[in-house]
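Participant: Contents of structure12.cif (mmCIF, N, CA and C atoms) are given next:
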```cif
data_data
loop_
_atom_site.label_atom_id
_atom_site.label_comp_id
_atom_site.auth_asym_id
_atom_site.auth_seq_id
_atom_site.Cartn_x
_atom_site.Cartn_y
_atom_site.Cartn_z
N MET X 6 190.44 197.82 97.31
CA MET X 6 190.62 198.86 96.32
C MET X 6 189.33 199.67 96.20
N ARG X 7 189.48 200.98 96.10
CA ARG X 7 188.33 201.85 95.89
C ARG X 7 188.64 202.77 94.73
N ARG X 8 187.61 203.13 93.97
CA ARG X 8 187.78 204.02 92.83
C ARG X 8 186.43 204.60 92.46
N ILE X 9 186.44 205.69 91.74
CA ILE X 9 185.20 206.25 91.21
C ILE X 9 184.91 205.54 89.90
N ALA X 10 183.78 204.85 89.82
CA ALA X 10 183.44 204.05 88.64
C ALA X 10 182.57 204.83 87.67
N LEU X 11 181.61 205.62 88.18
CA LEU X 11 180.67 206.36 87.35
C LEU X 11 180.55 207.80 87.82
N VAL X 12 180.34 208.69 86.86
CA VAL X 12 180.01 210.08 87.14
C VAL X 12 178.73 210.38 86.36
N THR X 13 177.74 210.95 87.02
CA THR X 13 176.47 211.27 86.36
C THR X 13 176.58 212.54 85.56
N LEU X 14 176.07 212.49 84.34
CA LEU X 14 175.98 213.65 83.47
C LEU X 14 174.50 213.80 83.10
N VAL X 15 173.90 214.91 83.52
CA VAL X 15 172.48 215.14 83.25
C VAL X 15 172.32 215.61 81.81
N VAL X 16 171.42 214.95 81.06
CA VAL X 16 171.23 215.21 79.64
C VAL X 16 169.75 215.46 79.34
N ASP X 17 169.49 216.05 78.18
CA ASP X 17 168.09 216.27 77.76
C ASP X 17 167.45 215.01 77.22
N ASP X 18 168.22 214.21 76.49
CA ASP X 18 167.64 213.08 75.77
C ASP X 18 168.67 211.95 75.71
N TYR X 19 168.27 210.75 76.07
CA TYR X 19 169.19 209.62 76.08
C TYR X 19 169.81 209.37 74.70
N ASP X 20 168.96 209.23 73.69
CA ASP X 20 169.45 208.83 72.38
C ASP X 20 170.34 209.89 71.75
N GLU X 21 169.99 211.15 71.91
CA GLU X 21 170.81 212.26 71.43
C GLU X 21 172.19 212.22 72.09
N ALA X 22 172.22 212.01 73.39
CA ALA X 22 173.47 211.97 74.14
C ALA X 22 174.30 210.74 73.73
N ILE X 23 173.66 209.61 73.57
CA ILE X 23 174.38 208.40 73.12
C ILE X 23 175.03 208.65 71.77
N ARG X 24 174.28 209.25 70.83
CA ARG X 24 174.85 209.53 69.50
C ARG X 24 176.07 210.43 69.60
N PHE X 25 175.99 211.46 70.43
CA PHE X 25 177.13 212.38 70.56
C PHE X 25 178.34 211.67 71.16
N TYR X 26 178.15 211.02 72.28
CA TYR X 26 179.29 210.43 72.98
C TYR X 26 179.89 209.25 72.22
N THR X 27 179.07 208.46 71.55
CA THR X 27 179.63 207.34 70.79
C THR X 27 180.12 207.78 69.42
N GLY X 28 179.42 208.70 68.78
CA GLY X 28 179.80 209.15 67.45
C GLY X 28 180.89 210.19 67.47
N ALA X 29 180.61 211.35 68.04
CA ALA X 29 181.55 212.47 68.00
C ALA X 29 182.78 212.25 68.89
N LEU X 30 182.59 211.66 70.07
CA LEU X 30 183.72 211.47 70.98
C LEU X 30 184.35 210.09 70.90
N GLY X 31 183.70 209.15 70.21
CA GLY X 31 184.27 207.82 70.06
C GLY X 31 184.18 206.94 71.29
N PHE X 32 183.25 207.26 72.20
CA PHE X 32 183.04 206.41 73.36
C PHE X 32 182.31 205.15 72.91
N ARG X 33 182.22 204.20 73.80
CA ARG X 33 181.41 203.02 73.51
C ARG X 33 180.23 202.98 74.47
N LEU X 34 179.13 202.47 73.96
CA LEU X 34 177.94 202.29 74.79
C LEU X 34 178.14 201.01 75.58
N ALA X 35 178.32 201.15 76.88
CA ALA X 35 178.59 200.00 77.75
C ALA X 35 177.31 199.36 78.26
N GLU X 36 176.26 200.19 78.43
CA GLU X 36 175.01 199.64 78.97
C GLU X 36 173.87 200.59 78.64
N ASP X 37 172.73 200.01 78.30
CA ASP X 37 171.50 200.77 78.07
C ASP X 37 170.35 199.88 78.50
N THR X 38 169.94 200.03 79.75
CA THR X 38 168.94 199.14 80.34
C THR X 38 167.72 199.93 80.77
N PRO X 39 166.52 199.54 80.27
CA PRO X 39 165.30 200.21 80.73
C PRO X 39 165.07 199.96 82.22
N ARG X 40 164.51 200.97 82.88
CA ARG X 40 164.18 200.85 84.29
C ARG X 40 162.66 200.90 84.44
N PRO X 41 162.13 200.34 85.51
CA PRO X 41 160.67 200.28 85.68
C PRO X 41 159.97 201.63 85.67
N ASP X 42 160.67 202.69 86.06
CA ASP X 42 160.03 204.01 86.12
C ASP X 42 160.02 204.73 84.77
N GLY X 43 160.48 204.05 83.71
CA GLY X 43 160.50 204.67 82.38
C GLY X 43 161.83 205.31 82.03
N SER X 44 162.71 205.42 83.01
CA SER X 44 164.04 205.96 82.73
C SER X 44 164.91 204.82 82.20
N ARG X 45 166.14 205.13 81.90
CA ARG X 45 167.10 204.13 81.42
C ARG X 45 168.41 204.28 82.18
N TRP X 46 169.11 203.18 82.35
CA TRP X 46 170.45 203.17 82.91
C TRP X 46 171.39 203.13 81.72
N VAL X 47 171.95 204.30 81.38
CA VAL X 47 172.78 204.42 80.18
C VAL X 47 174.20 204.80 80.59
N VAL X 48 175.14 203.93 80.23
CA VAL X 48 176.54 204.14 80.58
C VAL X 48 177.36 204.17 79.29
N VAL X 49 178.16 205.23 79.14
CA VAL X 49 179.12 205.33 78.04
C VAL X 49 180.50 205.51 78.64
N GLU X 50 181.50 205.07 77.89
CA GLU X 50 182.86 205.19 78.39
C GLU X 50 183.83 205.30 77.23
N PRO X 51 184.95 205.97 77.49
CA PRO X 51 185.96 206.05 76.44
C PRO X 51 186.39 204.65 76.03
N ASP X 52 186.62 204.47 74.74
CA ASP X 52 187.11 203.18 74.27
C ASP X 52 188.45 202.93 74.91
N GLY X 53 188.74 201.71 75.21
CA GLY X 53 190.03 201.42 75.82
C GLY X 53 190.01 200.15 76.64
N LYS X 54 188.91 199.42 76.56
CA LYS X 54 188.89 198.12 77.21
C LYS X 54 188.17 197.14 76.29
N PRO X 55 188.32 195.87 76.51
CA PRO X 55 187.76 194.89 75.58
C PRO X 55 186.25 194.97 75.48
N ASP X 56 185.73 194.76 74.26
CA ASP X 56 184.28 194.70 74.07
C ASP X 56 183.70 193.58 74.92
N GLY X 57 182.51 193.82 75.43
CA GLY X 57 181.84 192.81 76.22
C GLY X 57 182.17 192.89 77.70
N GLU X 58 183.20 193.62 78.07
CA GLU X 58 183.52 193.77 79.49
C GLU X 58 182.50 194.71 80.09
N PRO X 59 181.84 194.32 81.18
CA PRO X 59 180.80 195.16 81.76
C PRO X 59 181.30 196.52 82.21
N ALA X 60 180.41 197.50 82.19
CA ALA X 60 180.74 198.85 82.66
C ALA X 60 181.19 198.76 84.10
N GLY X 61 182.14 199.60 84.44
CA GLY X 61 182.60 199.65 85.82
C GLY X 61 183.65 198.61 86.16
N ASN X 62 184.04 197.75 85.19
CA ASN X 62 185.04 196.73 85.48
C ASN X 62 186.44 197.13 85.06
N SER X 63 186.61 198.34 84.58
CA SER X 63 187.94 198.79 84.18
C SER X 63 188.47 199.77 85.22
N ALA X 64 189.69 200.18 85.05
CA ALA X 64 190.28 201.14 85.97
C ALA X 64 189.77 202.55 85.70
N GLY X 65 189.14 202.76 84.53
CA GLY X 65 188.67 204.09 84.15
C GLY X 65 187.32 204.42 84.74
N THR X 66 186.92 205.66 84.52
CA THR X 66 185.62 206.14 84.98
C THR X 66 184.70 206.27 83.79
N ALA X 67 183.47 205.84 83.93
CA ALA X 67 182.46 205.92 82.87
C ALA X 67 181.45 207.00 83.22
N LEU X 68 180.65 207.40 82.22
CA LEU X 68 179.59 208.38 82.43
C LEU X 68 178.24 207.69 82.48
N LEU X 69 177.46 208.03 83.48
CA LEU X 69 176.07 207.61 83.55
C LEU X 69 175.26 208.76 82.97
N LEU X 70 174.63 208.56 81.82
CA LEU X 70 173.82 209.59 81.19
C LEU X 70 172.42 209.53 81.80
N ALA X 71 172.06 210.56 82.53
CA ALA X 71 170.78 210.59 83.24
C ALA X 71 169.91 211.69 82.66
N ARG X 72 168.76 211.29 82.12
CA ARG X 72 167.85 212.29 81.54
C ARG X 72 167.26 213.15 82.65
N ALA X 73 167.29 214.45 82.42
CA ALA X 73 166.73 215.39 83.40
C ALA X 73 165.25 215.09 83.59
N GLY X 74 164.84 214.99 84.85
CA GLY X 74 163.46 214.64 85.13
C GLY X 74 162.67 215.73 85.83
N THR X 75 163.36 216.79 86.28
CA THR X 75 162.68 217.88 86.98
C THR X 75 163.16 219.20 86.39
N GLY X 76 162.47 220.26 86.69
CA GLY X 76 162.89 221.58 86.23
C GLY X 76 164.26 221.95 86.75
N SER X 77 164.55 221.61 87.97
CA SER X 77 165.85 221.89 88.56
C SER X 77 166.96 221.14 87.82
N GLN X 78 166.70 219.90 87.47
CA GLN X 78 167.69 219.12 86.71
C GLN X 78 167.86 219.67 85.30
N ARG X 79 166.76 220.04 84.65
CA ARG X 79 166.84 220.60 83.29
C ARG X 79 167.67 221.89 83.29
N ALA X 80 167.57 222.67 84.36
CA ALA X 80 168.34 223.91 84.45
C ALA X 80 169.85 223.65 84.53
N ARG X 81 170.23 222.47 84.95
CA ARG X 81 171.65 222.13 85.10
C ARG X 81 172.25 221.53 83.82
N VAL X 82 171.43 221.10 82.89
CA VAL X 82 171.94 220.49 81.66
C VAL X 82 172.86 221.50 80.96
N GLY X 83 174.08 221.09 80.71
CA GLY X 83 175.04 221.94 80.02
C GLY X 83 175.82 222.89 80.91
N ASP X 84 175.48 222.95 82.17
CA ASP X 84 176.18 223.86 83.08
C ASP X 84 176.36 223.19 84.43
N GLN X 85 176.82 221.98 84.41
CA GLN X 85 176.93 221.21 85.65
C GLN X 85 178.09 221.64 86.52
N THR X 86 179.01 222.43 85.96
CA THR X 86 180.17 222.86 86.75
C THR X 86 180.33 224.38 86.74
N GLY X 87 179.25 225.10 86.50
CA GLY X 87 179.29 226.55 86.57
C GLY X 87 180.18 227.20 85.54
N GLY X 88 180.32 226.58 84.37
CA GLY X 88 181.13 227.15 83.30
C GLY X 88 182.59 226.76 83.33
N ARG X 89 183.01 226.02 84.34
CA ARG X 89 184.40 225.55 84.41
C ARG X 89 184.55 224.26 83.62
N VAL X 90 185.78 223.94 83.25
CA VAL X 90 186.04 222.62 82.70
C VAL X 90 185.77 221.62 83.81
N GLY X 91 184.90 220.68 83.53
CA GLY X 91 184.51 219.72 84.55
C GLY X 91 184.88 218.29 84.22
N PHE X 92 185.31 218.05 82.99
CA PHE X 92 185.60 216.69 82.54
C PHE X 92 186.91 216.69 81.78
N PHE X 93 187.68 215.64 81.93
CA PHE X 93 189.02 215.57 81.37
C PHE X 93 189.16 214.25 80.62
N LEU X 94 189.27 214.35 79.30
CA LEU X 94 189.40 213.17 78.46
C LEU X 94 190.86 213.02 78.07
N HIS X 95 191.53 212.04 78.64
CA HIS X 95 192.93 211.79 78.33
C HIS X 95 193.03 210.95 77.06
N THR X 96 194.07 211.22 76.29
CA THR X 96 194.33 210.48 75.06
C THR X 96 195.81 210.17 74.95
N ASP X 97 196.12 209.14 74.19
CA ASP X 97 197.53 208.84 73.93
C ASP X 97 197.97 209.40 72.58
N ASP X 98 197.03 210.03 71.85
CA ASP X 98 197.36 210.63 70.55
C ASP X 98 196.47 211.85 70.34
N PHE X 99 196.93 212.98 70.83
CA PHE X 99 196.14 214.21 70.78
C PHE X 99 195.77 214.58 69.35
N ALA X 100 196.73 214.59 68.44
CA ALA X 100 196.48 215.01 67.06
C ALA X 100 195.41 214.15 66.40
N ARG X 101 195.47 212.85 66.58
CA ARG X 101 194.47 211.94 66.02
C ARG X 101 193.08 212.26 66.54
N ASP X 102 192.95 212.34 67.87
CA ASP X 102 191.62 212.53 68.45
C ASP X 102 191.09 213.94 68.21
N HIS X 103 191.94 214.93 68.25
CA HIS X 103 191.53 216.31 67.97
C HIS X 103 190.98 216.40 66.54
N ALA X 104 191.70 215.84 65.57
CA ALA X 104 191.26 215.89 64.17
C ALA X 104 189.95 215.12 63.98
N ARG X 105 189.84 213.94 64.59
CA ARG X 105 188.62 213.13 64.44
C ARG X 105 187.42 213.84 65.06
N MET X 106 187.63 214.43 66.24
CA MET X 106 186.53 215.10 66.92
C MET X 106 186.09 216.35 66.15
N ARG X 107 187.03 217.12 65.64
CA ARG X 107 186.68 218.31 64.83
C ARG X 107 185.89 217.89 63.59
N ALA X 108 186.34 216.81 62.94
CA ALA X 108 185.64 216.32 61.75
C ALA X 108 184.22 215.87 62.08
N ALA X 109 184.01 215.43 63.32
CA ALA X 109 182.69 214.98 63.76
C ALA X 109 181.82 216.13 64.26
N GLY X 110 182.35 217.37 64.20
CA GLY X 110 181.56 218.53 64.57
C GLY X 110 181.70 219.00 66.00
N VAL X 111 182.65 218.46 66.75
CA VAL X 111 182.85 218.89 68.13
C VAL X 111 183.39 220.32 68.11
N THR X 112 182.84 221.17 68.98
CA THR X 112 183.26 222.57 69.08
C THR X 112 184.41 222.71 70.07
N PHE X 113 185.56 223.12 69.54
CA PHE X 113 186.70 223.44 70.39
C PHE X 113 186.70 224.93 70.65
N LEU X 114 186.95 225.33 71.88
CA LEU X 114 186.90 226.73 72.28
C LEU X 114 188.25 227.42 72.15
N GLU X 115 189.28 226.68 71.80
CA GLU X 115 190.62 227.22 71.66
C GLU X 115 191.43 226.31 70.76
N GLU X 116 192.54 226.84 70.32
CA GLU X 116 193.50 226.04 69.56
C GLU X 116 194.28 225.18 70.56
N PRO X 117 194.79 224.04 70.12
CA PRO X 117 195.61 223.23 71.03
C PRO X 117 196.79 224.04 71.56
N ARG X 118 197.11 223.78 72.82
CA ARG X 118 198.24 224.46 73.42
C ARG X 118 199.11 223.44 74.15
N HIS X 119 200.37 223.77 74.25
CA HIS X 119 201.33 222.88 74.91
C HIS X 119 201.67 223.47 76.27
N GLU X 120 201.36 222.71 77.28
CA GLU X 120 201.62 223.09 78.67
C GLU X 120 202.64 222.13 79.26
N PRO X 121 203.24 222.48 80.39
CA PRO X 121 204.20 221.56 81.02
C PRO X 121 203.58 220.18 81.31
N TYR X 122 202.28 220.14 81.56
CA TYR X 122 201.62 218.88 81.89
C TYR X 122 201.12 218.12 80.66
N GLY X 123 201.16 218.74 79.46
CA GLY X 123 200.75 218.03 78.26
C GLY X 123 200.15 218.94 77.20
N THR X 124 199.63 218.33 76.15
CA THR X 124 198.95 219.04 75.07
C THR X 124 197.46 219.03 75.39
N VAL X 125 196.80 220.19 75.27
CA VAL X 125 195.43 220.31 75.74
C VAL X 125 194.64 221.29 74.88
N ALA X 126 193.34 221.06 74.78
CA ALA X 126 192.41 222.02 74.19
C ALA X 126 191.05 221.81 74.84
N VAL X 127 190.36 222.91 75.11
CA VAL X 127 189.03 222.85 75.72
C VAL X 127 187.98 222.70 74.62
N PHE X 128 187.03 221.77 74.83
CA PHE X 128 185.91 221.61 73.92
C PHE X 128 184.62 221.52 74.70
N GLU X 129 183.51 221.67 73.98
CA GLU X 129 182.18 221.56 74.60
C GLU X 129 181.48 220.31 74.10
N ASP X 130 180.73 219.67 75.00
CA ASP X 130 179.88 218.57 74.56
C ASP X 130 178.62 219.16 73.93
N LEU X 131 177.69 218.33 73.53
CA LEU X 131 176.52 218.82 72.81
C LEU X 131 175.65 219.73 73.66
N TYR X 132 175.81 219.73 74.97
CA TYR X 132 174.99 220.58 75.83
C TYR X 132 175.74 221.83 76.31
N GLY X 133 177.03 221.90 76.06
CA GLY X 133 177.81 223.06 76.49
C GLY X 133 178.71 222.81 77.68
N ASN X 134 178.70 221.60 78.24
CA ASN X 134 179.65 221.28 79.31
C ASN X 134 181.05 221.35 78.73
N ARG X 135 181.97 221.89 79.52
CA ARG X 135 183.35 222.05 79.06
C ARG X 135 184.21 220.86 79.47
N TRP X 136 185.02 220.44 78.51
CA TRP X 136 185.93 219.31 78.66
C TRP X 136 187.33 219.73 78.24
N ASP X 137 188.34 219.09 78.80
CA ASP X 137 189.70 219.15 78.28
C ASP X 137 189.97 217.87 77.51
N LEU X 138 190.46 218.00 76.28
CA LEU X 138 191.10 216.89 75.60
C LEU X 138 192.57 217.03 75.94
N LEU X 139 193.16 216.03 76.55
CA LEU X 139 194.49 216.16 77.12
C LEU X 139 195.35 214.94 76.84
N GLN X 140 196.50 215.19 76.23
CA GLN X 140 197.53 214.15 76.14
C GLN X 140 198.58 214.52 77.17
N PRO X 141 198.63 213.77 78.28
CA PRO X 141 199.60 214.10 79.32
C PRO X 141 201.03 214.04 78.80
N ALA X 142 201.89 214.92 79.33
CA ALA X 142 203.30 214.90 78.99
C ALA X 142 203.91 213.60 79.49
N THR X 143 204.86 213.10 78.73
CA THR X 143 205.55 211.90 79.18
C THR X 143 206.74 212.32 80.04
N PRO X 144 206.96 211.59 81.14
CA PRO X 144 208.06 211.97 82.04
C PRO X 144 209.42 211.80 81.39
#
```
Write the structure described by the file as structure tokens, please.
Facilitator:
Amino acid sequence: MRRIALVTLVVDDYDEAIRFYTGALGFRLAEDTPRPDGSRWVVVEPDGKPDGEPAGNSAGTALLLARAGTGSQRARVGDQTGGRVGFFLHTDDFARDHARMRAAGVTFLEEPRHEPYGTVAVFEDLYGNRWDLLQPATP
């Protein structure tokens, strides 16, 4: 079996990013390990698997939050996909998660819309990366 376990998201600050992803988006902090070079291995993932299960052991994909270390990396923070939606957060209850995220201060760029593939709205993370909050249509 092969799957994508982690996707790197370049951030300005580890702790700021952890607060956003765990607080505003409701992710869980799966790992935060100091590295010898002064960086940290920080993994967050959408809630949906048992507590204590190591990162990368679920069928889902987690985010590796990597602090920008060079000018080139800092220039990419918030624009990792050239302004396109680059991340897709699936939910089983769009109304619940949309309301919770708005209450937590998440910026939505549009009102929810109903498409043949599901209910969706584009939002920005704390750096400006665009995400879809998406409840897929049931067959």
Participant: What lies within 6 Å of segment 74-87 of chain X using only C-alpha atoms, ignoring chain neighbours under 3 positions off, as a ChimeraX atom specification?
Facilitator: /X:15-16,91,132-134
Participant: In terms of the shortest atom-to-atom distance over all atoms listed in the file, which of X:Ala67, X:Trp46, X:Arg72, X:Leu131 is closest to Asp18 of chain X?
Facilitator: X:Arg72
Participant: Excluding Ala142 of chain X and any residue of its chain fewer than 4 positions from it, enumerate the residues within 7 Å of it, using only N, CA and C atoms, and give them as a ChimeraX atom specification.
Facilitator: /X:121-124
Participant: Just to be explicit: take each residue in the selection above, keep N, CA and C atoms, and write the result as a PDB file, in the coordinates of the input.
Facilitator:
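Saved result, result_10.pdb, follows:
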```pdb
ATOM      1  N   PRO X 121     203.240 222.480  80.390  1.00  0.00           N
ATOM      2  CA  PRO X 121     204.200 221.560  81.020  1.00  0.00           C
ATOM      3  C   PRO X 121     203.580 220.180  81.310  1.00  0.00           C
ATOM      4  N   TYR X 122     202.280 220.140  81.560  1.00  0.00           N
ATOM      5  CA  TYR X 122     201.620 218.880  81.890  1.00  0.00           C
ATOM      6  C   TYR X 122     201.120 218.120  80.660  1.00  0.00           C
ATOM      7  N   GLY X 123     201.160 218.740  79.460  1.00  0.00           N
ATOM      8  CA  GLY X 123     200.750 218.030  78.260  1.00  0.00           C
ATOM      9  C   GLY X 123     200.150 218.940  77.200  1.00  0.00           C
ATOM     10  N   THR X 124     199.630 218.330  76.150  1.00  0.00           N
ATOM     11  CA  THR X 124     198.950 219.040  75.070  1.00  0.00           C
ATOM     12  C   THR X 124     197.460 219.030  75.390  1.00  0.00           C
TER      13      THR X 124
END
```
Participant: Could you state the separation of atom CA of Phe92 of chain X and atom CA of Arg135 of chain X in Å, given to one decimal place?
Facilitator: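 Computed distance, atom CA of Phe92 of chain X to atom CA of Arg135 of chain X, equals 6.8 Å.
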Participant: Atom CA of Ala10 of chain X to atom CA of Gly65 of chain X: how many Å, to one decimal?
Facilitator: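 Interatomic distance here is 6.9 Å.
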Participant: Excluding same-chain residues fewer than 2 positions from Val48 of chain X, what lies within 6 Å of it counting all atoms listed in the file, as a list in words?
Facilitator: Arg33, Leu34, Ala35, Glu36, Asp37, Trp46, Glu50, Leu68, Leu69 and Leu70 of chain X
Participant: Write down as an MDAnalysis selection string the residues of chain X whose backbone DSSP state falls under strand (DSSP E).
Facilitator: chainID X and resid 11:16 32:39 45:51 67:72 90:95 112:113 118:120 123:129 135:141
Participant: Grab the atom N of Leu138 of chain X to atom CA of Ala73 of chain X distance for me, in Å with one decimal place.
Facilitator: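 For atom N of Leu138 of chain X relative to atom CA of Ala73 of chain X, the distance reads 24.9 Å.
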Participant: Apply DSSP to the structure's backbone, then extract all residues of chain X labelled helix (DSSP H, G or I) and return them as a list in words.
Facilitator: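 Of chain X, the ones in helix (DSSP H, G or I) are Tyr19, Asp20, Glu21, Ala22, Ile23, Arg24, Phe25, Tyr26, Thr27, Gly28, Ala29, Gly76, Ser77, Gln78, Arg79, Ala80, Arg81, Phe99, Ala100, Arg101, Asp102, His103, Ala104, Arg105, Met106, Arg107 and Ala108 of chain X.
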Participant: Can you pull out the residues contacting His95 of chain X? Cut-off 6.5 Å, using all atoms listed in the file, and skip same-chain residues under 5 positions away; I want them as a ChimeraX atom specification.
Facilitator: /X:137-141
Participant: Just say which residues the PyMOL selection byres (((chain X and resi 100 and name CA) around 12) and name CA) picks in this file, as a PDB file with N, CA and C atoms, in the frame of the given file.
Facilitator:
```pdb
ATOM      1  N   THR X  96     194.070 211.220  76.290  1.00  0.00           N
ATOM      2  CA  THR X  96     194.330 210.480  75.060  1.00  0.00           C
ATOM      3  C   THR X  96     195.810 210.170  74.950  1.00  0.00           C
ATOM      4  N   ASP X  97     196.120 209.140  74.190  1.00  0.00           N
ATOM      5  CA  ASP X  97     197.530 208.840  73.930  1.00  0.00           C
ATOM      6  C   ASP X  97     197.970 209.400  72.580  1.00  0.00           C
ATOM      7  N   ASP X  98     197.030 210.030  71.850  1.00  0.00           N
ATOM      8  CA  ASP X  98     197.360 210.630  70.550  1.00  0.00           C
ATOM      9  C   ASP X  98     196.470 211.850  70.340  1.00  0.00           C
ATOM     10  N   PHE X  99     196.930 212.980  70.830  1.00  0.00           N
ATOM     11  CA  PHE X  99     196.140 214.210  70.780  1.00  0.00           C
ATOM     12  C   PHE X  99     195.770 214.580  69.350  1.00  0.00           C
ATOM     13  N   ARG X 101     195.470 212.850  66.580  1.00  0.00           N
ATOM     14  CA  ARG X 101     194.470 211.940  66.020  1.00  0.00           C
ATOM     15  C   ARG X 101     193.080 212.260  66.540  1.00  0.00           C
ATOM     16  N   ASP X 102     192.950 212.340  67.870  1.00  0.00           N
ATOM     17  CA  ASP X 102     191.620 212.530  68.450  1.00  0.00           C
ATOM     18  C   ASP X 102     191.090 213.940  68.210  1.00  0.00           C
ATOM     19  N   HIS X 103     191.940 214.930  68.250  1.00  0.00           N
ATOM     20  CA  HIS X 103     191.530 216.310  67.970  1.00  0.00           C
ATOM     21  C   HIS X 103     190.980 216.400  66.540  1.00  0.00           C
ATOM     22  N   ALA X 104     191.700 215.840  65.570  1.00  0.00           N
ATOM     23  CA  ALA X 104     191.260 215.890  64.170  1.00  0.00           C
ATOM     24  C   ALA X 104     189.950 215.120  63.980  1.00  0.00           C
ATOM     25  N   ARG X 105     189.840 213.940  64.590  1.00  0.00           N
ATOM     26  CA  ARG X 105     188.620 213.130  64.440  1.00  0.00           C
ATOM     27  C   ARG X 105     187.420 213.840  65.060  1.00  0.00           C
ATOM     28  N   MET X 106     187.630 214.430  66.240  1.00  0.00           N
ATOM     29  CA  MET X 106     186.530 215.100  66.920  1.00  0.00           C
ATOM     30  C   MET X 106     186.090 216.350  66.150  1.00  0.00           C
ATOM     31  N   ARG X 107     187.030 217.120  65.640  1.00  0.00           N
ATOM     32  CA  ARG X 107     186.680 218.310  64.830  1.00  0.00           C
ATOM     33  C   ARG X 107     185.890 217.890  63.590  1.00  0.00           C
ATOM     34  N   GLU X 116     192.540 226.840  70.320  1.00  0.00           N
ATOM     35  CA  GLU X 116     193.500 226.040  69.560  1.00  0.00           C
ATOM     36  C   GLU X 116     194.280 225.180  70.560  1.00  0.00           C
ATOM     37  N   PRO X 117     194.790 224.040  70.120  1.00  0.00           N
ATOM     38  CA  PRO X 117     195.610 223.230  71.030  1.00  0.00           C
ATOM     39  C   PRO X 117     196.790 224.040  71.560  1.00  0.00           C
ATOM     40  N   ARG X 118     197.110 223.780  72.820  1.00  0.00           N
ATOM     41  CA  ARG X 118     198.240 224.460  73.420  1.00  0.00           C
ATOM     42  C   ARG X 118     199.110 223.440  74.150  1.00  0.00           C
ATOM     43  N   THR X 124     199.630 218.330  76.150  1.00  0.00           N
ATOM     44  CA  THR X 124     198.950 219.040  75.070  1.00  0.00           C
ATOM     45  C   THR X 124     197.460 219.030  75.390  1.00  0.00           C
ATOM     46  N   VAL X 125     196.800 220.190  75.270  1.00  0.00           N
ATOM     47  CA  VAL X 125     195.430 220.310  75.740  1.00  0.00           C
ATOM     48  C   VAL X 125     194.640 221.290  74.880  1.00  0.00           C
ATOM     49  N   ALA X 126     193.340 221.060  74.780  1.00  0.00           N
ATOM     50  CA  ALA X 126     192.410 222.020  74.190  1.00  0.00           C
ATOM     51  C   ALA X 126     191.050 221.810  74.840  1.00  0.00           C
ATOM     52  N   LEU X 138     190.460 218.000  76.280  1.00  0.00           N
ATOM     53  CA  LEU X 138     191.100 216.890  75.600  1.00  0.00           C
ATOM     54  C   LEU X 138     192.570 217.030  75.940  1.00  0.00           C
ATOM     55  N   LEU X 139     193.160 216.030  76.550  1.00  0.00           N
ATOM     56  CA  LEU X 139     194.490 216.160  77.120  1.00  0.00           C
ATOM     57  C   LEU X 139     195.350 214.940  76.840  1.00  0.00           C
ATOM     58  N   GLN X 140     196.500 215.190  76.230  1.00  0.00           N
ATOM     59  CA  GLN X 140     197.530 214.150  76.140  1.00  0.00           C
ATOM     60  C   GLN X 140     198.580 214.520  77.170  1.00  0.00           C
TER      61      GLN X 140
END
```
Participant: Tell me which of X:Val47, X:Val127, X:Val90, X:Leu114 sits closest to Tyr19 of chain X, counting all atoms listed in the file.
Facilitator: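 Of X:Val47, X:Val127, X:Val90, X:Leu114, the one nearest Tyr19 of chain X, counting all atoms listed in the file, is X:Val47.
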Participant: In terms of the shortest atom-to-atom distance over only C-alpha atoms, which of X:Trp136, X:Ala71, X:Arg89, X:Glu129 is closest to Leu11 of chain X?
Facilitator: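 Smallest separation from Leu11 of chain X among the options: X:Ala71.
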Participant: Which of these, X:Asp52, X:Thr13, X:Pro41, X:Phe128, has the shortest distance to Thr27 of chain X once you count only C-alpha atoms?
Facilitator: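 That would be X:Asp52, the residue with the smallest distance to Thr27 of chain X.
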Participant: Between X:Ser44, X:Leu30, X:Phe93, X:Thr66, single out the one closest to Arg8 of chain X, counting only N, CA and C atoms.
Facilitator: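 Of X:Ser44, X:Leu30, X:Phe93, X:Thr66, the one nearest Arg8 of chain X, counting only N, CA and C atoms, is X:Thr66.
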Participant: Pick out the closest residue to Ala109 of chain X from this set: X:Ile23, X:Leu94, X:Ile9, X:Ala29. Count only N, CA and C atoms.
Facilitator: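 Checking each candidate against Ala109 of chain X, we get X:Ala29 as the closest.
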